[in-house]
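What follows is run.cif (mmCIF, C-alpha atoms and all ligand atoms).
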data_model
loop_
_atom_site.label_atom_id
_atom_site.label_comp_id
_atom_site.auth_asym_id
_atom_site.auth_seq_id
_atom_site.Cartn_x
_atom_site.Cartn_y
_atom_site.Cartn_z
CA MET A 1 21.77 26.46 -102.51
CA GLU A 2 18.46 26.93 -100.71
CA ARG A 3 19.42 27.57 -97.09
CA LYS A 4 17.91 29.43 -94.19
CA GLY A 5 20.89 31.37 -92.87
CA LEU A 6 23.09 33.84 -94.68
CA LEU A 7 26.72 33.00 -95.46
CA VAL A 8 28.92 35.99 -94.63
CA VAL A 9 32.63 36.34 -95.32
CA VAL A 10 34.60 38.90 -93.34
CA SER A 11 38.12 39.79 -94.45
CA GLY A 12 40.48 42.48 -93.31
CA PHE A 13 44.17 43.17 -92.95
CA ALA A 14 45.94 41.37 -90.13
CA GLY A 15 45.66 43.91 -87.30
CA SER A 16 42.42 45.47 -88.54
CA GLY A 17 40.76 44.43 -85.29
CA LYS A 18 38.36 42.05 -87.06
CA GLY A 19 38.86 39.32 -84.44
CA THR A 20 37.67 41.64 -81.66
CA LEU A 21 34.84 42.82 -83.88
CA MET A 22 33.67 39.23 -84.51
CA LYS A 23 33.77 38.41 -80.80
CA GLY A 24 31.73 41.54 -80.05
CA LEU A 25 29.13 40.65 -82.68
CA ILE A 26 28.75 37.06 -81.48
CA ASN A 27 28.45 38.13 -77.83
CA LYS A 28 25.81 40.75 -78.59
CA TYR A 29 23.55 38.82 -80.98
CA ASP A 30 22.67 35.15 -80.93
CA ASN A 31 21.76 34.60 -84.60
CA TYR A 32 25.41 34.28 -85.66
CA ALA A 33 27.70 31.26 -85.81
CA LEU A 34 31.42 31.80 -86.29
CA SER A 35 33.18 29.10 -88.26
CA VAL A 36 36.43 27.76 -86.74
CA SER A 37 39.11 27.26 -89.40
CA ALA A 38 41.86 24.69 -89.64
CA THR A 39 45.43 25.95 -89.97
CA THR A 40 49.01 24.70 -90.05
CA ARG A 41 50.37 27.77 -88.25
CA ASN A 42 51.51 27.40 -84.64
CA PRO A 43 49.11 28.41 -81.86
CA ARG A 44 49.78 31.84 -80.34
CA PRO A 45 49.94 32.11 -76.56
CA GLY A 46 46.41 31.81 -75.21
CA GLU A 47 44.99 30.14 -78.32
CA GLU A 48 43.23 26.81 -77.86
CA ASP A 49 42.77 23.96 -80.31
CA GLY A 50 39.14 23.92 -81.45
CA ARG A 51 38.43 27.46 -80.22
CA GLU A 52 40.51 29.90 -82.32
CA TYR A 53 41.55 27.24 -84.83
CA PHE A 54 41.88 23.51 -85.33
CA PHE A 55 45.68 23.26 -85.37
CA LYS A 56 46.87 20.69 -87.93
CA THR A 57 50.14 19.37 -89.30
CA THR A 58 50.77 19.91 -92.99
CA GLU A 59 50.14 16.19 -93.61
CA GLU A 60 46.79 16.33 -91.77
CA PHE A 61 45.79 19.47 -93.65
CA GLU A 62 46.71 17.98 -97.03
CA ARG A 63 44.68 14.86 -96.19
CA MET A 64 41.67 17.08 -95.51
CA ILE A 65 42.20 18.74 -98.90
CA SER A 66 42.19 15.38 -100.68
CA ASP A 67 39.09 14.31 -98.69
CA ASP A 68 37.32 17.43 -100.03
CA ALA A 69 36.65 18.51 -96.45
CA PHE A 70 36.97 22.28 -97.07
CA VAL A 71 34.55 24.93 -98.31
CA GLU A 72 37.75 26.77 -99.33
CA TYR A 73 41.40 26.86 -98.36
CA ALA A 74 44.38 29.07 -99.11
CA ARG A 75 48.01 29.65 -98.27
CA TYR A 76 48.78 32.78 -96.29
CA VAL A 77 52.31 33.81 -95.25
CA ASN A 78 53.75 30.25 -95.41
CA ASN A 79 50.80 28.42 -93.83
CA TYR A 80 47.60 26.73 -94.91
CA TYR A 81 44.22 27.99 -93.68
CA GLY A 82 40.87 26.38 -94.54
CA THR A 83 37.17 26.34 -93.65
CA PRO A 84 35.85 22.85 -92.78
CA LYS A 85 32.55 22.18 -94.56
CA GLU A 86 30.56 20.34 -91.94
CA TYR A 87 29.92 23.05 -89.34
CA VAL A 88 29.13 25.71 -91.95
CA PHE A 89 26.37 23.76 -93.68
CA GLU A 90 24.94 22.46 -90.42
CA GLN A 91 24.61 25.96 -88.97
CA LEU A 92 23.17 27.46 -92.17
CA ASP A 93 20.54 24.72 -92.15
CA ASN A 94 19.78 25.62 -88.52
CA GLY A 95 19.00 29.16 -89.67
CA LYS A 96 22.16 30.76 -88.28
CA ASP A 97 24.00 33.45 -90.20
CA VAL A 98 27.42 31.87 -90.55
CA ILE A 99 30.51 34.08 -90.52
CA LEU A 100 33.79 33.03 -92.10
CA GLU A 101 36.68 35.23 -91.05
CA ILE A 102 39.07 34.46 -93.90
CA GLU A 103 41.55 36.16 -96.22
CA ILE A 104 40.84 37.34 -99.74
CA GLN A 105 41.79 34.28 -101.85
CA GLY A 106 39.46 32.13 -99.77
CA ALA A 107 36.76 34.83 -99.85
CA LEU A 108 36.76 34.85 -103.64
CA GLN A 109 36.62 31.02 -103.79
CA VAL A 110 33.53 31.06 -101.55
CA LYS A 111 31.86 33.78 -103.66
CA GLU A 112 32.50 31.76 -106.80
CA LYS A 113 31.06 28.55 -105.33
CA PHE A 114 28.17 30.29 -103.55
CA PRO A 115 27.41 33.58 -105.35
CA GLU A 116 24.80 34.59 -102.74
CA THR A 117 27.58 35.00 -100.13
CA LEU A 118 27.86 38.47 -98.60
CA LEU A 119 31.44 39.80 -98.58
CA LEU A 120 32.50 42.39 -95.99
CA PHE A 121 35.91 44.02 -95.74
CA VAL A 122 37.12 45.49 -92.43
CA THR A 123 39.85 48.11 -92.36
CA PRO A 124 41.40 50.31 -89.69
CA PRO A 125 41.03 54.07 -90.24
CA ASP A 126 44.63 54.38 -91.51
CA ALA A 127 47.79 52.34 -92.14
CA GLU A 128 49.60 53.73 -89.09
CA THR A 129 46.92 52.25 -86.79
CA LEU A 130 47.39 48.90 -88.50
CA LYS A 131 51.15 48.87 -87.94
CA ASN A 132 50.77 49.96 -84.30
CA ARG A 133 48.24 47.19 -83.64
CA LEU A 134 50.50 44.54 -85.19
CA VAL A 135 53.55 45.71 -83.21
CA GLY A 136 51.50 46.24 -80.01
CA ARG A 137 50.06 42.72 -80.16
CA GLY A 138 53.60 41.46 -79.62
CA THR A 139 52.79 37.99 -80.94
CA GLU A 140 54.80 38.19 -84.18
CA ASP A 141 58.47 38.90 -84.83
CA ALA A 142 59.57 41.86 -86.95
CA LYS A 143 59.99 39.70 -90.06
CA THR A 144 56.46 38.29 -89.83
CA ILE A 145 55.05 41.77 -89.22
CA GLY A 146 56.85 42.95 -92.35
CA LEU A 147 55.38 40.05 -94.35
CA ARG A 148 51.89 40.77 -93.02
CA LEU A 149 52.15 44.48 -93.87
CA ALA A 150 53.30 43.57 -97.39
CA ARG A 151 50.39 41.19 -97.63
CA ALA A 152 48.02 43.99 -96.49
CA ALA A 153 49.29 46.22 -99.32
CA SER A 154 48.52 43.54 -101.92
CA GLU A 155 45.15 42.67 -100.29
CA SER A 156 44.13 46.34 -100.51
CA GLU A 157 44.04 45.92 -104.30
CA GLY A 158 41.07 43.58 -103.98
CA ILE A 159 38.77 45.61 -101.70
CA GLU A 160 36.32 46.51 -104.48
CA LYS A 161 35.53 42.82 -104.95
CA TYR A 162 33.74 42.97 -101.57
CA ASP A 163 30.15 44.13 -101.17
CA TYR A 164 30.78 46.48 -98.22
CA ILE A 165 33.73 48.15 -96.48
CA LEU A 166 33.62 48.77 -92.72
CA VAL A 167 36.04 51.17 -91.03
CA ASN A 168 36.81 49.80 -87.58
CA ASP A 169 37.39 53.03 -85.69
CA GLU A 170 34.91 52.86 -82.81
CA LEU A 171 34.27 49.20 -81.92
CA ASP A 172 30.61 49.35 -80.77
CA GLU A 173 29.60 51.46 -83.76
CA CYS A 174 31.33 49.01 -86.08
CA ILE A 175 29.55 46.03 -84.47
CA GLU A 176 26.19 47.77 -85.00
CA SER A 177 26.99 48.64 -88.61
CA MET A 178 28.03 45.07 -89.35
CA HIS A 179 24.86 43.66 -87.78
CA ASN A 180 22.68 46.13 -89.71
CA ILE A 181 24.36 45.39 -93.03
CA ILE A 182 23.92 41.63 -92.59
CA GLN A 183 20.31 41.82 -91.46
CA ASN A 184 19.27 44.35 -94.14
CA GLU A 185 20.83 42.14 -96.78
CA LYS A 186 18.04 39.62 -96.15
CA TYR A 187 15.50 41.99 -97.73
CA ARG A 188 17.25 41.97 -101.12
CA THR A 189 14.80 40.77 -103.77
CA PHE A 190 17.14 38.08 -105.13
CA ARG A 191 17.25 36.47 -101.68
CA ASN A 192 13.47 36.21 -101.57
CA ILE A 193 12.63 34.51 -104.85
CA PRO A 194 10.45 31.72 -103.32
CA PHE A 195 8.31 34.34 -101.55
CA ILE A 196 8.06 36.46 -104.69
CA ASN A 197 7.05 33.45 -106.80
CA ARG A 198 4.44 32.42 -104.26
CA ILE A 199 2.71 35.80 -104.03
CA ARG A 200 2.92 36.15 -107.81
CA GLU A 201 1.12 32.83 -108.26
CA GLU A 202 -1.51 33.78 -105.66
CA LEU A 203 -2.18 37.07 -107.45
CA LYS A 204 -2.43 35.33 -110.82
CA GLY A 205 -5.03 33.06 -109.23
CA PHE A 206 -7.08 36.08 -108.16
CA ALA A 207 -6.71 37.67 -111.57
CA LYS A 208 -8.20 34.53 -113.11
CA GLY A 209 -11.08 34.79 -110.67
CA GLU A 210 -10.12 31.75 -108.57
P1 LIG B 301 46.04 34.62 -88.35
O1 LIG B 301 47.28 33.79 -88.56
O2 LIG B 301 46.38 36.06 -88.03
O3 LIG B 301 45.11 34.03 -87.34
O4 LIG B 301 45.25 34.63 -89.74
C1 LIG B 301 45.90 35.03 -90.90
C2 LIG B 301 44.88 35.26 -92.01
O5 LIG B 301 44.27 34.01 -92.37
C3 LIG B 301 43.74 36.20 -91.63
O6 LIG B 301 43.56 37.11 -92.71
C4 LIG B 301 42.57 35.29 -91.46
O7 LIG B 301 41.35 35.94 -91.76
C5 LIG B 301 42.88 34.23 -92.50
N1 LIG B 301 42.16 32.96 -92.28
C6 LIG B 301 41.79 32.40 -91.10
N2 LIG B 301 41.13 31.26 -91.32
C7 LIG B 301 41.05 31.09 -92.65
C8 LIG B 301 40.45 30.09 -93.51
O8 LIG B 301 39.83 29.13 -93.07
N3 LIG B 301 40.61 30.26 -94.85
C9 LIG B 301 41.27 31.32 -95.39
N4 LIG B 301 41.32 31.41 -96.71
N5 LIG B 301 41.83 32.28 -94.62
C10 LIG B 301 41.72 32.17 -93.27
#
Before anything else, please render the file you have as structure tokens.
Amino acid sequence: MERKGLLVVVSGFAGSGKGTLMKGLINKYDNYALSVSATTRNPRPGEEDGREYFFKTTEEFERMISDDAFVEYARYVNNYYGTPKEYVFEQLDNGKDVILEIEIQGALQVKEKFPETLLLFVTPPDAETLKNRLVGRGTEDAKTIGLRLARAASESEGIEKYDYILVNDELDECIESMHNIIQNEKYRTFRNIPFINRIREELKGFAKGE
């Protein structure tokens, strides 16, 4: 895949504050595009179709799967979640750094399909903070919170598969760190092979006395 923007996957436990972090990043810098996922879960109060998610029925979602409309999709706590292809590729071609805020199974699918993807994992400073945020949000019942905490414990086993871990303690600092990580990543040699090949050829030309 030869594209202008960087594909970035951000995962983190439910309640890690990654949603707020993403909003902060997008508001502060204009080189990012945040992908909007499709899901079969019900909208939470205040969520709008097409803004937080494209809300789909299971039948609609399964049709999109068979139409090969997703970059990746996964099941998470009894619902489907998936990244529609179209927007992602369009924005990468426009030179935007595209951020997918998705859970770990999807993250690993993306990395396998597109190995140049940058994987970031966001965590709160400790587990207590996570639980307090989930309870404080007041949008899930006790059973769902329990399921999400259990899911967080199993997700924590996969953190080393990510390239970087970000501790979301102080929001502004975390936004800056995320921006710096993503932008510095662009200087990695393996992301600059066309440039390297070009200057190599030019130098060979000089060496031959051209
Ligand atoms: P929530 O229901 O709290 O909005 O999201 C639950 C989990 O699903 C979060 O970890 C979120 O990052 C993840 N998620 C959201 N969209 C997608 C997606 O398109 N694909 C995958 N694999 N996970 C997603």
Here CA of Leu108 in chain A and CA of Asp141 in chain A stand apart by 29.0 Å
Can you pull out every residue with an atom within 8 Å of ligand LIG 301 (chain B)? Use only C-alpha atoms and all ligand atoms and format it as number ranges by chain. A: 10-15, 36-39, 41, 52-53, 72-77, 80-84, 100-107
How close does each residue of range 74-137 of chain A get to range 145-168 of chain A, giving the shortest atom pair and distance in Å to one decimal for every residue with an atom at most 6 Å away, counting all atoms listed in the file, sorted by chain and residue number, as JSON lines?
{"residue": "A:Leu119", "atom": "CA", "partner": "A:Tyr162", "partner_atom": "CA", "distance": 4.9}
{"residue": "A:Leu120", "atom": "CA", "partner": "A:Tyr164", "partner_atom": "CA", "distance": 5.0}
{"residue": "A:Phe121", "atom": "CA", "partner": "A:Ile165", "partner_atom": "CA", "distance": 4.7}
{"residue": "A:Val122", "atom": "CA", "partner": "A:Leu166", "partner_atom": "CA", "distance": 4.8}
{"residue": "A:Thr123", "atom": "CA", "partner": "A:Val167", "partner_atom": "CA", "distance": 5.1}
{"residue": "A:Pro124", "atom": "CA", "partner": "A:Asn168", "partner_atom": "CA", "distance": 5.1}
{"residue": "A:Pro125", "atom": "CA", "partner": "A:Val167", "partner_atom": "CA", "distance": 5.8}
Mind listing as a count of residues only all residues within 12 Å of (50.8, 29.3, -82.3), counting all atoms listed in the file? 19
Show me, as a short mmCIF file (atom, residue, chain, number, x, y, z; two decimals) with C-alpha atoms, keeping the file's coordinate frame, the residues that have an atom within 12 Å of Asn132 in chain A when counting only C-alpha atoms, minus same-chain residues fewer than 2 positions from it.
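That gives us result-v1.cif:
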data_model
loop_
_atom_site.label_atom_id
_atom_site.label_comp_id
_atom_site.auth_asym_id
_atom_site.auth_seq_id
_atom_site.Cartn_x
_atom_site.Cartn_y
_atom_site.Cartn_z
CA ALA A 14 45.94 41.37 -90.13
CA GLY A 15 45.66 43.91 -87.30
CA SER A 16 42.42 45.47 -88.54
CA GLY A 17 40.76 44.43 -85.29
CA PRO A 124 41.40 50.31 -89.69
CA ASP A 126 44.63 54.38 -91.51
CA ALA A 127 47.79 52.34 -92.14
CA GLU A 128 49.60 53.73 -89.09
CA THR A 129 46.92 52.25 -86.79
CA LEU A 130 47.39 48.90 -88.50
CA LEU A 134 50.50 44.54 -85.19
CA VAL A 135 53.55 45.71 -83.21
CA GLY A 136 51.50 46.24 -80.01
CA ARG A 137 50.06 42.72 -80.16
CA GLY A 138 53.60 41.46 -79.62
CA ILE A 145 55.05 41.77 -89.22
CA LEU A 149 52.15 44.48 -93.87
#
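The interatomic distance for the pair CA of Asp172 in chain A and CA of Asp30 in chain A works out to 16.3 Å.
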For Lys113 in chain A, the nearest of the candidates A:Arg133, A:Thr144, A:Leu7, A:Lys23, counting all atoms listed in the file: A:Leu7
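Taking CA of Asn180 in chain A as the reference point, CA of Leu25 in chain A is found at 11.0 Å.
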Set the distance at 10 Å and use all atoms listed in the file: which residues neighbour Gln183 in chain A once local chain neighbours fewer than 5 positions away are removed? I'd like the list as a list in words. Leu6, Asp97, Ser177 and Met178 of chain A
In terms of the shortest atom-to-atom distance over all atoms listed in the file, which of A:Leu118, A:Ser35, A:Ile196, A:Val88 is closest to Ile181 in chain A? A:Leu118
Any chance you could model N, CA, C and O atoms for range 65-86 of chain A and send them as a PDB file, in the frame of the given file?
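Okay, out11.pdb is ready:
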ATOM      1  N   ILE A  65      42.401  18.221 -97.535  1.00  0.00           N
ATOM      2  CA  ILE A  65      42.200  18.740 -98.900  1.00  0.00           C
ATOM      3  C   ILE A  65      41.786  17.597 -99.822  1.00  0.00           C
ATOM      4  O   ILE A  65      40.801  17.696-100.549  1.00  0.00           O
ATOM      5  N   SER A  66      42.517  16.474 -99.738  1.00  0.00           N
ATOM      6  CA  SER A  66      42.190  15.380-100.680  1.00  0.00           C
ATOM      7  C   SER A  66      40.857  14.723-100.320  1.00  0.00           C
ATOM      8  O   SER A  66      40.202  14.141-101.189  1.00  0.00           O
ATOM      9  N   ASP A  67      40.427  14.833 -99.064  1.00  0.00           N
ATOM     10  CA  ASP A  67      39.090  14.310 -98.690  1.00  0.00           C
ATOM     11  C   ASP A  67      37.964  15.289 -99.035  1.00  0.00           C
ATOM     12  O   ASP A  67      36.805  15.044 -98.675  1.00  0.00           O
ATOM     13  N   ASP A  68      38.307  16.419 -99.660  1.00  0.00           N
ATOM     14  CA  ASP A  68      37.320  17.430-100.030  1.00  0.00           C
ATOM     15  C   ASP A  68      36.541  17.936 -98.811  1.00  0.00           C
ATOM     16  O   ASP A  68      35.329  18.122 -98.858  1.00  0.00           O
ATOM     17  N   ALA A  69      37.295  18.138 -97.713  1.00  0.00           N
ATOM     18  CA  ALA A  69      36.650  18.510 -96.450  1.00  0.00           C
ATOM     19  C   ALA A  69      36.498  20.020 -96.274  1.00  0.00           C
ATOM     20  O   ALA A  69      35.939  20.471 -95.281  1.00  0.00           O
ATOM     21  N   PHE A  70      37.002  20.821 -97.235  1.00  0.00           N
ATOM     22  CA  PHE A  70      36.970  22.280 -97.070  1.00  0.00           C
ATOM     23  C   PHE A  70      35.982  22.966 -97.997  1.00  0.00           C
ATOM     24  O   PHE A  70      35.828  22.581 -99.150  1.00  0.00           O
ATOM     25  N   VAL A  71      35.340  24.031 -97.464  1.00  0.00           N
ATOM     26  CA  VAL A  71      34.550  24.930 -98.310  1.00  0.00           C
ATOM     27  C   VAL A  71      35.531  25.691 -99.210  1.00  0.00           C
ATOM     28  O   VAL A  71      35.289  25.920-100.390  1.00  0.00           O
ATOM     29  N   GLU A  72      36.661  26.087 -98.620  1.00  0.00           N
ATOM     30  CA  GLU A  72      37.750  26.770 -99.330  1.00  0.00           C
ATOM     31  C   GLU A  72      38.993  26.603 -98.490  1.00  0.00           C
ATOM     32  O   GLU A  72      38.917  26.321 -97.300  1.00  0.00           O
ATOM     33  N   TYR A  73      40.152  26.786 -99.125  1.00  0.00           N
ATOM     34  CA  TYR A  73      41.400  26.860 -98.360  1.00  0.00           C
ATOM     35  C   TYR A  73      42.379  27.704 -99.146  1.00  0.00           C
ATOM     36  O   TYR A  73      42.215  27.896-100.361  1.00  0.00           O
ATOM     37  N   ALA A  74      43.393  28.224 -98.433  1.00  0.00           N
ATOM     38  CA  ALA A  74      44.380  29.070 -99.110  1.00  0.00           C
ATOM     39  C   ALA A  74      45.685  29.017 -98.330  1.00  0.00           C
ATOM     40  O   ALA A  74      45.718  28.582 -97.173  1.00  0.00           O
ATOM     41  N   ARG A  75      46.740  29.475 -98.984  1.00  0.00           N
ATOM     42  CA  ARG A  75      48.010  29.650 -98.270  1.00  0.00           C
ATOM     43  C   ARG A  75      48.150  31.117 -97.946  1.00  0.00           C
ATOM     44  O   ARG A  75      47.816  31.980 -98.751  1.00  0.00           O
ATOM     45  N   TYR A  76      48.605  31.399 -96.735  1.00  0.00           N
ATOM     46  CA  TYR A  76      48.780  32.780 -96.290  1.00  0.00           C
ATOM     47  C   TYR A  76      50.063  32.831 -95.484  1.00  0.00           C
ATOM     48  O   TYR A  76      50.171  32.115 -94.468  1.00  0.00           O
ATOM     49  N   VAL A  77      51.016  33.660 -95.918  1.00  0.00           N
ATOM     50  CA  VAL A  77      52.310  33.810 -95.250  1.00  0.00           C
ATOM     51  C   VAL A  77      52.843  32.451 -94.751  1.00  0.00           C
ATOM     52  O   VAL A  77      52.981  32.201 -93.552  1.00  0.00           O
ATOM     53  N   ASN A  78      53.092  31.549 -95.690  1.00  0.00           N
ATOM     54  CA  ASN A  78      53.750  30.250 -95.410  1.00  0.00           C
ATOM     55  C   ASN A  78      52.931  29.206 -94.664  1.00  0.00           C
ATOM     56  O   ASN A  78      53.474  28.204 -94.219  1.00  0.00           O
ATOM     57  N   ASN A  79      51.635  29.444 -94.457  1.00  0.00           N
ATOM     58  CA  ASN A  79      50.800  28.420 -93.830  1.00  0.00           C
ATOM     59  C   ASN A  79      49.504  28.209 -94.585  1.00  0.00           C
ATOM     60  O   ASN A  79      49.068  29.065 -95.334  1.00  0.00           O
ATOM     61  N   TYR A  80      48.919  27.020 -94.359  1.00  0.00           N
ATOM     62  CA  TYR A  80      47.600  26.730 -94.910  1.00  0.00           C
ATOM     63  C   TYR A  80      46.534  27.183 -93.922  1.00  0.00           C
ATOM     64  O   TYR A  80      46.702  27.036 -92.701  1.00  0.00           O
ATOM     65  N   TYR A  81      45.412  27.678 -94.473  1.00  0.00           N
ATOM     66  CA  TYR A  81      44.220  27.990 -93.680  1.00  0.00           C
ATOM     67  C   TYR A  81      43.014  27.487 -94.463  1.00  0.00           C
ATOM     68  O   TYR A  81      42.962  27.676 -95.674  1.00  0.00           O
ATOM     69  N   GLY A  82      42.039  26.858 -93.806  1.00  0.00           N
ATOM     70  CA  GLY A  82      40.870  26.380 -94.540  1.00  0.00           C
ATOM     71  C   GLY A  82      39.628  26.310 -93.669  1.00  0.00           C
ATOM     72  O   GLY A  82      39.710  26.189 -92.451  1.00  0.00           O
ATOM     73  N   THR A  83      38.470  26.377 -94.334  1.00  0.00           N
ATOM     74  CA  THR A  83      37.170  26.340 -93.650  1.00  0.00           C
ATOM     75  C   THR A  83      36.566  24.942 -93.779  1.00  0.00           C
ATOM     76  O   THR A  83      36.168  24.551 -94.879  1.00  0.00           O
ATOM     77  N   PRO A  84      36.478  24.174 -92.678  1.00  0.00           N
ATOM     78  CA  PRO A  84      35.850  22.850 -92.780  1.00  0.00           C
ATOM     79  C   PRO A  84      34.363  22.977 -93.140  1.00  0.00           C
ATOM     80  O   PRO A  84      33.672  23.862 -92.639  1.00  0.00           O
ATOM     81  N   LYS A  85      33.913  22.092 -94.031  1.00  0.00           N
ATOM     82  CA  LYS A  85      32.550  22.180 -94.560  1.00  0.00           C
ATOM     83  C   LYS A  85      31.454  21.943 -93.530  1.00  0.00           C
ATOM     84  O   LYS A  85      30.452  22.654 -93.493  1.00  0.00           O
ATOM     85  N   GLU A  86      31.660  20.909 -92.715  1.00  0.00           N
ATOM     86  CA  GLU A  86      30.560  20.340 -91.940  1.00  0.00           C
ATOM     87  C   GLU A  86      29.784  21.365 -91.105  1.00  0.00           C
ATOM     88  O   GLU A  86      28.563  21.497 -91.226  1.00  0.00           O
TER      89      GLU A  86
END
